[in-house]
Each structure stands twice: as C-alpha cells, then as structure tokens.
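**Q** My structure file target.txt, compact mmCIF, C-alpha atoms, is below:
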```txt
# COMPACT_ATOMS: atom_id res chain seq x y z
CA LYS A 1 23.01 -109.65 87.93
CA ALA A 2 24.08 -106.19 89.04
CA LYS A 3 27.49 -105.11 88.13
CA PRO A 4 29.79 -104.53 91.08
CA MET A 5 30.49 -100.89 91.86
CA PRO A 6 33.98 -99.97 90.81
CA LYS A 7 36.20 -99.00 93.72
CA LYS A 8 37.46 -95.47 93.65
CA GLU A 9 41.18 -95.43 93.75
CA VAL A 10 42.76 -92.97 96.15
CA ASP A 11 45.74 -91.08 94.94
CA ASN A 12 48.14 -91.10 97.87
CA ASN A 13 49.98 -88.20 96.34
CA LYS A 14 46.83 -86.05 96.38
CA ARG A 15 46.05 -87.17 99.95
CA ALA A 16 49.45 -85.93 101.09
CA MET A 17 49.26 -82.72 99.09
CA TRP A 18 47.47 -80.79 101.86
CA TRP A 19 50.27 -81.62 104.29
CA TYR A 20 52.84 -80.54 101.74
CA ASN A 21 51.04 -77.23 101.20
CA PHE A 22 50.56 -76.72 104.95
CA SER A 23 54.26 -77.27 105.70
CA ARG A 24 55.16 -74.84 102.93
CA CYS A 25 52.81 -72.20 104.39
CA VAL A 26 54.21 -72.60 107.90
CA THR A 27 57.78 -72.20 106.64
CA CYS A 28 57.03 -69.73 103.86
CA CYS A 29 59.42 -67.18 105.41
CA VAL A 30 62.36 -69.60 105.02
CA PRO A 31 63.68 -69.77 101.46
CA ASN A 32 65.18 -73.03 100.21
CA GLY A 33 68.60 -71.43 100.05
CA CYS A 34 68.62 -71.05 103.85
CA ILE A 35 67.89 -74.73 104.48
CA LYS A 36 71.21 -76.55 104.68
CA LYS A 37 70.05 -79.78 103.05
CA GLU A 38 71.42 -81.35 99.89
CA ASP A 39 68.32 -82.17 97.90
CA ALA A 40 64.71 -81.03 97.56
CA GLU A 41 63.33 -84.08 99.38
CA ALA A 42 65.48 -83.45 102.46
CA LYS A 43 64.49 -79.79 102.47
CA GLN A 44 60.82 -80.74 102.33
CA ALA A 45 61.33 -83.17 105.21
CA TRP A 46 62.81 -80.32 107.25
CA ARG A 47 59.80 -78.14 106.49
CA GLU A 48 57.42 -80.91 107.61
CA LYS A 49 59.29 -81.29 110.91
CA VAL A 50 58.90 -77.56 111.53
CA ALA A 51 55.19 -77.85 110.71
CA ILE A 52 54.83 -80.67 113.27
CA CYS A 53 56.53 -78.49 115.93
CA PHE A 54 54.17 -75.66 115.01
CA CYS A 55 51.12 -77.90 115.51
CA VAL A 56 52.46 -79.07 118.89
CA PHE A 57 52.96 -75.43 119.90
CA LEU A 58 49.41 -74.52 118.94
CA ALA A 59 47.97 -77.47 120.84
CA SER A 60 50.05 -76.61 123.91
CA SER A 61 48.92 -72.99 123.78
CA PHE A 62 45.30 -74.08 123.57
CA PHE A 63 45.52 -76.34 126.62
CA VAL A 64 47.48 -73.78 128.61
CA GLY A 65 44.78 -71.23 127.84
CA ILE A 66 41.97 -73.57 128.84
CA PHE A 67 43.52 -75.07 131.96
CA GLY A 68 45.79 -72.18 132.94
CA PHE A 69 44.33 -68.74 132.36
CA ILE A 70 40.62 -69.49 132.70
CA PRO A 71 40.94 -70.86 136.27
CA VAL A 72 43.01 -67.79 137.16
CA LEU A 73 40.23 -65.53 135.88
CA LEU A 74 37.51 -67.49 137.62
CA CYS A 75 39.38 -67.78 140.91
CA ARG A 76 40.67 -64.23 141.27
CA GLU A 77 40.85 -62.84 144.77
CA ARG A 78 37.71 -61.03 145.72
CA THR A 79 38.10 -57.23 145.57
CA VAL A 80 34.60 -56.08 146.58
CA TYR A 81 33.63 -56.26 150.24
CA THR A 82 30.74 -55.16 152.39
CA LEU A 83 31.31 -53.60 155.79
CA GLU A 84 30.15 -56.88 157.31
CA ASN A 85 32.90 -58.71 155.37
CA VAL A 86 35.46 -56.31 156.80
CA ARG A 87 34.17 -56.81 160.34
CA GLU A 88 34.29 -60.58 159.94
CA ARG A 89 37.98 -60.52 158.97
CA THR A 90 39.17 -60.42 162.56
CA ASN A 91 42.47 -62.01 161.57
CA GLU A 92 43.15 -59.15 159.15
CA GLU A 93 44.10 -55.54 159.90
CA TRP A 94 41.54 -53.94 157.62
CA ILE A 95 39.75 -50.59 157.74
CA VAL A 96 37.44 -48.69 155.40
CA VAL A 97 38.13 -45.13 154.26
CA ASN A 98 35.99 -43.25 151.74
CA GLY A 99 34.62 -46.37 150.10
CA TYR A 100 37.91 -48.28 149.87
CA VAL A 101 39.15 -51.22 151.94
CA TYR A 102 42.74 -51.06 153.18
CA ASP A 103 45.02 -53.55 154.90
CA VAL A 104 46.81 -51.17 157.30
CA GLY A 105 49.15 -53.66 158.95
CA GLY A 106 52.10 -51.87 157.36
CA LEU A 107 50.85 -48.43 158.36
CA PHE A 108 51.32 -48.73 162.13
CA ASP A 109 54.89 -47.39 162.14
CA ARG A 110 54.15 -44.62 159.62
CA HIS A 111 51.01 -43.24 161.23
CA PRO A 112 51.57 -39.78 162.77
CA THR A 113 49.74 -40.70 166.01
CA GLY A 114 51.27 -44.16 166.25
CA PRO A 115 49.60 -47.60 166.17
CA ALA A 116 46.80 -46.52 168.54
CA GLY A 117 45.41 -44.16 165.90
CA VAL A 118 44.99 -47.10 163.50
CA GLU A 119 43.95 -49.84 165.90
CA ALA A 120 40.96 -47.81 167.11
CA PHE A 121 39.27 -48.25 163.72
CA LEU A 122 40.30 -51.76 162.69
CA HIS A 123 37.43 -53.66 161.03
CA ASP A 124 35.36 -50.47 160.82
CA ASP A 125 34.73 -47.34 158.73
CA ALA A 126 37.27 -44.62 159.57
CA SER A 127 36.14 -42.16 156.90
CA ARG A 128 35.07 -39.48 159.38
CA MET A 129 38.71 -38.94 160.43
CA PHE A 130 39.66 -37.97 156.85
CA PRO A 131 38.44 -34.51 155.74
CA ARG A 132 36.83 -33.95 152.39
CA MET A 133 38.15 -31.36 150.01
CA PRO A 134 36.90 -27.87 151.01
CA LYS A 135 34.19 -26.80 148.58
CA ALA A 136 36.10 -23.69 147.50
CA LEU A 137 39.03 -25.86 146.38
CA LEU A 138 37.03 -28.11 144.07
CA PRO A 139 37.70 -27.79 140.31
CA ASP A 140 35.74 -25.01 138.62
CA ARG A 141 33.88 -27.52 136.45
CA CYS A 142 32.25 -28.84 139.62
CA LEU A 143 30.98 -25.54 140.93
CA ASN A 144 28.25 -22.98 140.53
CA LYS A 145 30.56 -20.04 141.18
CA ALA A 146 27.68 -17.63 141.69
CA LYS A 147 26.81 -19.42 144.94
CA PHE A 148 30.21 -18.57 146.42
CA GLU A 149 29.74 -14.81 146.25
CA ASP A 150 29.06 -13.35 149.70
CA ASN A 151 28.77 -16.87 151.18
CA PRO A 152 31.47 -17.36 153.85
CA ALA A 153 30.31 -20.94 154.51
CA LEU A 154 31.36 -21.92 150.99
CA GLN A 155 34.45 -19.74 150.75
CA THR A 156 36.47 -21.41 153.52
CA THR A 157 39.52 -23.35 152.43
CA ASN A 158 40.32 -24.97 155.77
CA PRO A 159 39.77 -28.76 155.80
CA THR A 160 37.56 -30.04 158.61
CA CYS A 161 36.25 -33.42 159.71
CA ASP A 162 32.59 -32.48 159.96
CA ASP A 163 31.48 -36.07 160.61
CA LEU A 164 33.37 -36.44 163.88
CA THR A 165 30.88 -36.71 166.72
CA ALA A 166 31.12 -35.08 170.15
CA GLU A 167 32.10 -38.47 171.55
CA ASP A 168 34.84 -38.82 168.91
CA LEU A 169 36.27 -35.44 169.89
CA LYS A 170 36.03 -36.34 173.57
CA ASN A 171 37.98 -39.53 172.89
CA GLY A 172 40.65 -37.55 171.05
CA LEU A 173 40.17 -38.96 167.58
CA PRO A 174 42.37 -37.01 165.15
CA CYS A 175 41.38 -35.26 161.93
CA HIS A 176 43.93 -36.22 159.25
CA ILE A 177 44.18 -32.83 157.56
CA PHE A 178 47.50 -33.81 155.97
CA VAL A 179 45.55 -35.92 153.44
CA THR A 180 42.68 -33.65 152.45
CA GLY A 181 40.21 -35.06 149.94
CA VAL A 182 39.36 -38.49 148.61
CA ASN A 183 42.05 -38.52 145.93
CA ALA A 184 44.79 -37.45 148.35
CA THR A 185 43.69 -40.10 150.83
CA ALA A 186 43.66 -42.78 148.13
CA LYS A 187 47.16 -41.73 147.06
CA TYR A 188 48.47 -41.86 150.63
CA MET A 189 46.82 -45.22 151.36
CA GLY A 190 47.07 -46.67 147.87
CA GLU A 191 49.75 -49.27 148.57
CA PHE A 192 47.53 -50.79 151.27
CA GLU A 193 44.36 -51.06 149.14
CA LYS A 194 42.62 -54.44 149.15
CA GLY A 195 39.38 -53.57 147.36
CA VAL A 196 36.31 -51.38 147.31
CA LEU A 197 33.35 -51.22 149.66
CA ALA A 198 30.03 -52.59 148.44
CA HIS A 199 26.72 -51.35 149.80
CA ASP A 200 23.64 -53.45 150.48
CA GLY A 201 20.89 -51.93 148.34
CA ALA A 202 18.16 -53.02 150.73
CA VAL A 203 19.91 -51.34 153.66
CA LEU A 204 20.34 -48.12 151.69
CA LEU A 205 16.68 -48.04 150.69
CA ASP A 206 15.51 -48.76 154.22
CA ASN A 207 17.58 -45.97 155.79
CA PRO A 208 15.50 -42.75 155.74
CA PHE A 209 18.44 -40.60 156.88
CA THR A 210 20.93 -41.54 154.17
CA PHE A 211 20.74 -40.04 150.69
CA TRP A 212 22.71 -41.39 147.76
CA VAL A 213 23.04 -41.49 143.99
CA SER A 214 24.42 -44.44 142.02
CA ILE A 215 26.44 -43.89 138.82
CA HIS A 216 28.28 -46.69 137.02
CA ASP A 217 27.61 -49.09 139.93
CA ARG A 218 29.32 -46.71 142.37
CA VAL A 219 27.30 -45.26 145.24
CA TYR A 220 27.85 -41.61 146.15
CA ASN A 221 26.71 -40.47 149.59
CA VAL A 222 25.08 -37.04 149.14
CA THR A 223 23.44 -36.87 152.57
CA GLU A 224 25.35 -33.80 153.74
CA TYR A 225 24.76 -31.95 150.47
CA VAL A 226 21.03 -32.72 150.46
CA ASN A 227 20.58 -31.68 154.08
CA ASP A 228 22.43 -28.41 153.41
CA ILE A 229 20.06 -27.43 150.60
CA ARG A 230 16.85 -28.03 152.55
CA ASN A 231 14.65 -25.13 153.50
CA SER A 232 15.19 -24.57 157.23
CA GLN A 233 11.44 -24.21 157.82
CA THR A 234 9.70 -26.47 155.31
CA LYS A 235 12.55 -29.03 155.12
CA GLN A 236 11.97 -29.22 151.38
CA ILE A 237 14.95 -29.63 149.05
CA GLU A 238 15.58 -26.44 147.07
CA LYS A 239 17.63 -26.69 143.89
CA ASP A 240 18.33 -22.93 144.03
CA HIS A 241 19.34 -22.96 147.70
CA GLU A 242 22.31 -20.74 148.60
CA MET A 243 24.27 -23.86 149.58
CA ALA A 244 23.62 -25.65 146.26
CA TYR A 245 27.22 -25.17 145.16
CA LEU A 246 27.40 -27.95 142.54
CA GLU A 247 27.21 -26.83 138.93
CA PRO A 248 23.52 -26.67 137.88
CA THR A 249 23.40 -29.83 135.74
CA LEU A 250 25.04 -31.98 138.40
CA ASN A 251 22.92 -30.33 141.10
CA ASN A 252 19.72 -31.21 139.21
CA LEU A 253 20.93 -34.76 138.59
CA VAL A 254 21.52 -35.32 142.31
CA ILE A 255 18.11 -33.93 143.26
CA ASN A 256 16.11 -35.68 140.52
CA LYS A 257 17.77 -39.08 140.99
CA LEU A 258 18.01 -39.14 144.77
CA ASN A 259 18.26 -42.72 146.07
CA GLU A 260 18.20 -44.05 142.49
CA ASP A 261 20.55 -45.23 139.77
CA ALA A 262 21.40 -42.10 137.78
CA THR A 263 23.69 -43.75 135.21
CA GLU A 264 21.32 -43.39 132.24
CA LEU A 265 20.64 -39.72 132.95
CA PHE A 266 24.33 -39.08 133.58
CA LEU A 267 25.32 -40.55 130.20
CA SER A 268 22.70 -38.44 128.45
CA VAL A 269 24.00 -35.12 129.81
CA TYR A 270 27.77 -35.65 130.14
CA PRO A 271 30.14 -36.63 127.29
CA ASP A 272 32.65 -38.28 129.64
CA ASP A 273 33.18 -39.26 133.27
CA SER A 274 35.45 -36.39 134.28
CA VAL A 275 32.74 -34.72 136.36
CA LEU A 276 32.57 -37.80 138.60
CA ALA A 277 35.70 -36.46 140.29
CA CYS A 278 33.38 -33.82 141.77
CA MET A 279 31.21 -36.57 143.24
CA ASP A 280 34.25 -38.41 144.60
CA GLU A 281 35.30 -35.37 146.59
```
Let me see whether you can do it: turn the structure in this file into structure tokens.
**A**
Amino acid sequence: KAKPMPKKEVDNNKRAMWWYNFSRCVTCCVPNGCIKKEDAEAKQAWREKVAICFCVFLASSFFVGIFGFIPVLLCRERTVYTLENVRERTNEEWIVVNGYVYDVGGLFDRHPTGPAGVEAFLHDDASRMFPRMPKALLPDRCLNKAKFEDNPALQTTNPTCDDLTAEDLKNGLPCHIFVTGVNATAKYMGEFEKGVLAHDGAVLLDNPFTFWVSIHDRVYNVTEYVNDIRNSQTKQIEKDHEMAYLEPTLNNLVINKLNEDATELFLSVYPDDSVLACMDE
C-alpha cells in the first residue's frame, strides 16, 4: 500500500512577507519616527494602509488612461481637409489660403474691405488674393544670387498677386499686400486656423498643367517656377535658365523630382528642414 503524500505546510508568515516588504518599499521615504503610532505593529499597519491606497491609485490611473485618454486620441477633431470637404461645409464660414483652412467668421469686422471681401471666397480657395514673398526678399540661403544680377524681373521687391485673373480684376478683387508671404499670412490668420488642405494624389497626377513636389507629406506647388524656367521656343525645362533663382541644389531637386515625392532625396542632401521655408514662400 502506497504511503500517503505528506501535505506541505504553508507558513502564513512567509506568505505575508511579500506584502510586508511591498508596504515597506512604498513607504520607504517615511521613517518610523515620523509615524505617530505607539508600537511597531501599529506603525506597520499604517504602512500597509498607505500601500493599499497606492495600489488603488495605480489601478485608477490605469483605467483613466485606458478609458479616458485613448478615446480622446482616437476621436480627435479632424484637422486635414480636402477642398471638397471645405465646399461641403456650407454651415461653416471656411476658406482656404496657401494650403491652410481657416474659419473666418470672426474676421468679418476686421477685414479692411469689410465682410464682402471675405464672403466672396467662402468655401473656396482664396490664395490668389494673397501675394507671395517677392523673390528678391527671400532669405539668401534660398537663392542663387548670380541670377539676380542684371535681371530686373527678379530684383523687384513690390508684392503682387500674379494669380489674379482678368475677371478677378474686373470684379474688383483686392490684393492683400499688407500680409505679404505665406508666413505673414499664416501669422495674420493664425487664430482662425482649422487645419491644413489635403490634395487628392490622383487629381494632381491627372492634371497636366499643375507641377508639384512632395516633401514630408506636404505638397508644394511649383507650377509658376517651372513655367518660368522653360525655354520660350522649345518649352523644355532648363535648370540654368535666367529665371532659375532657387539655390542650385534646391533647383535641381525640384526639376528632378517634379510631380514626385522628393522626401528621400531631400533628406540625403539637406541636414535639416530649414530650407523648406523657401518652398513655403
């Protein structure tokens, strides 16, 4: 007959030792002298109560993180819009300027030409009423200075809205020269910003008259620059054209990566993103 297996006795003191050690760790910064209890057992009981409160705090923090912050991150308000999204928001007073979406409801009273100057472009792209920075005023790091010598077309410092059509001028649309350049416009309109404009890649690729370069998921419209550096007779793009005012490396990047994502090439030739300010303007 097999002998019965002896039962292993459990030492309750050892079982509770982990809790004792844990409570001591949690309250390690509190010396016994600061605990106003009479004996060691009462002081240990106080430490265990603090340890219980600590565990409750950790559990609460965990659940708040799971059920509080994660939904906030997942349900954030959308900040990227297409032009179609802007046009669909008929109950909003939104416009697009230089790739940014603005809610201009609070701009009516501040606008120099009054509410009519804003209402005319609600739910549409109003970029052509905001002049770009004159080429001669761009930072030196952006420019091929040799191209500016004896070239009056590049030397002008007067801001102009070159994209305004004859019909726009006939209708009296203003050129907002008091906010020259993309950065100045963003500063003036910053408090009204709702998000950035997204472009449909398929639409960009299908448009033979629009030229662009993408860097860091941002699309830069280089149509005017590319058209200016075409040979007037052959219509070929010339990297050494007299109007190729961008510094040589950036000029070559634009030409070689036309209508493509140039991020990889950009990272290989530039140590930081400071030169992107040239593309913004």
**Q** Quick one: of A:Lys147, A:Lys43, A:His123, A:Arg110, who's nearest to Val86 in chain A, counting all atoms listed in the file?
**A** A:His123
**Q** Please identify all polymer residues within 10 Å of Thr156 in chain A, counting only C-alpha atoms, omitting same-chain residues fewer than 6 positions from it, and present them as a PyMOL selection string.
**A** chain A and resi 134-137+148
**Q** Mind writing the picked residues with C-alpha atoms as a tab-separated table (two decimals), in the coordinates of the input?
**A**
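The resulting file, out.tsv, is shown below:
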```
chain	number	residue	atom	x	y	z
A	134	PRO	CA	36.90	-27.87	151.01
A	135	LYS	CA	34.19	-26.80	148.58
A	136	ALA	CA	36.10	-23.69	147.50
A	137	LEU	CA	39.03	-25.86	146.38
A	148	PHE	CA	30.21	-18.57	146.42
```
**Q** Could you work out an axis-aligned bounding box for all listed atoms of range 117-122 of chain A, with 5 Å added on each of the six sides, and give its centre and edge lengths in Å to one decimal, as AutoDock Vina command-line options?
**A**
```
--center_x 42.3 --center_y -48.0 --center_z 164.9 --size_x 16.1 --size_y 17.6 --size_z 14.4
```
**Q** So that I can see what lies close to Gly190 in chain A, please list as a list of chain:residue names the residues with an atom at most 12 Å from it, counting only C-alpha atoms and leaving out residues fewer than 3 positions away in the same chain.
**A**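 Returned residues: A:Val97, A:Tyr100, A:Val101, A:Tyr102, A:Asp103, A:Val104, A:Gly106, A:Leu107, A:Val182, A:Asn183, A:Ala184, A:Thr185, A:Ala186, A:Lys187, A:Glu193, A:Lys194, A:Gly195, A:Val196.
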**Q** Looking at A:Pro248, A:Ala42, A:Leu143, A:Asp240, which one is nearest to Gln155 in chain A, with distances taken over all atoms listed in the file?
**A** A:Leu143
**Q** Report as a tab-separated table the residues of range 121-205 of chain A within 9 Å of range 211-228 of chain A, each with its shortest atom pair and distance in Å (one decimal), using all atoms listed in the file, ordered by chain and increasing residue number.
**A**
```
residue	atom	partner	partner_atom	distance
A:Ala198	CA	A:Val219	CA	8.5
A:His199	CA	A:Val219	CA	7.6
A:Leu204	CA	A:Trp212	CA	8.1
A:Leu205	CA	A:Phe211	CA	9.0
```
**Q** Quick one: pull the distance between CA of Met17 in chain A and CA of Glu41 in chain A, Å, one decimal.
**A**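 Interatomic distance, CA of Met17 in chain A to CA of Glu41 in chain A: 14.1 Å.
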**Q** Quick one: pull the distance between CA of Asp124 in chain A and CA of Cys161 in chain A, Å, one decimal.
**A** 17.1 Å
**Q** My list of candidates is A:Ser23, A:Asp273, A:Glu119, A:Val80. Which is closest to Ile95 in chain A when distances are computed with only C-alpha atoms?
**A**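 Using only C-alpha atoms, Ile95 in chain A sits closest to A:Glu119.
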**Q** Could you give me, as a list in words, the residues within 12 Å of Asn32 in chain A, counting all atoms listed in the file and dropping anything in the same chain fewer than 2 positions from it?
**A** Arg24, Thr27, Cys28, Cys29, Val30, Cys34, Ile35, Lys36, Lys37, Glu38, Asp39, Ala40, Glu41, Ala42, Lys43, Gln44, Ala45, Trp46 and Arg47 of chain A
**Q** Just give me the gap between CA of Leu197 in chain A and CA of Tyr81 in chain A in Å, one decimal is fine.
**A**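 Going from CA of Leu197 in chain A over to CA of Tyr81 in chain A covers 5.1 Å.
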**Q** In terms of the shortest atom-to-atom distance over all atoms listed in the file, which of A:Leu138, A:Cys175, A:Val56, A:Leu250 is closest to Ala126 in chain A?
**A**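 With all atoms listed in the file as the atom set, the closest residue is A:Cys175.
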**Q** Which one of A:Phe22, A:Ile255, A:Thr249, A:Leu173 sits closest to Gln236 in chain A if you count all atoms listed in the file?
**A** A:Ile255
**Q** In terms of the shortest atom-to-atom distance over all atoms listed in the file, which of A:Gly99, A:Ala244, A:Glu88, A:Cys25 is closest to Val50 in chain A?
**A**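 Closest candidate: A:Cys25.
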**Q** Any idea what's packed within 12 Å of Arg87 in chain A, counting only C-alpha atoms, ignoring anything in its chain fewer than 2 positions away? Could you give it as a PyMOL selection string?
**A** chain A and resi 81-85+89-96+101+121-125
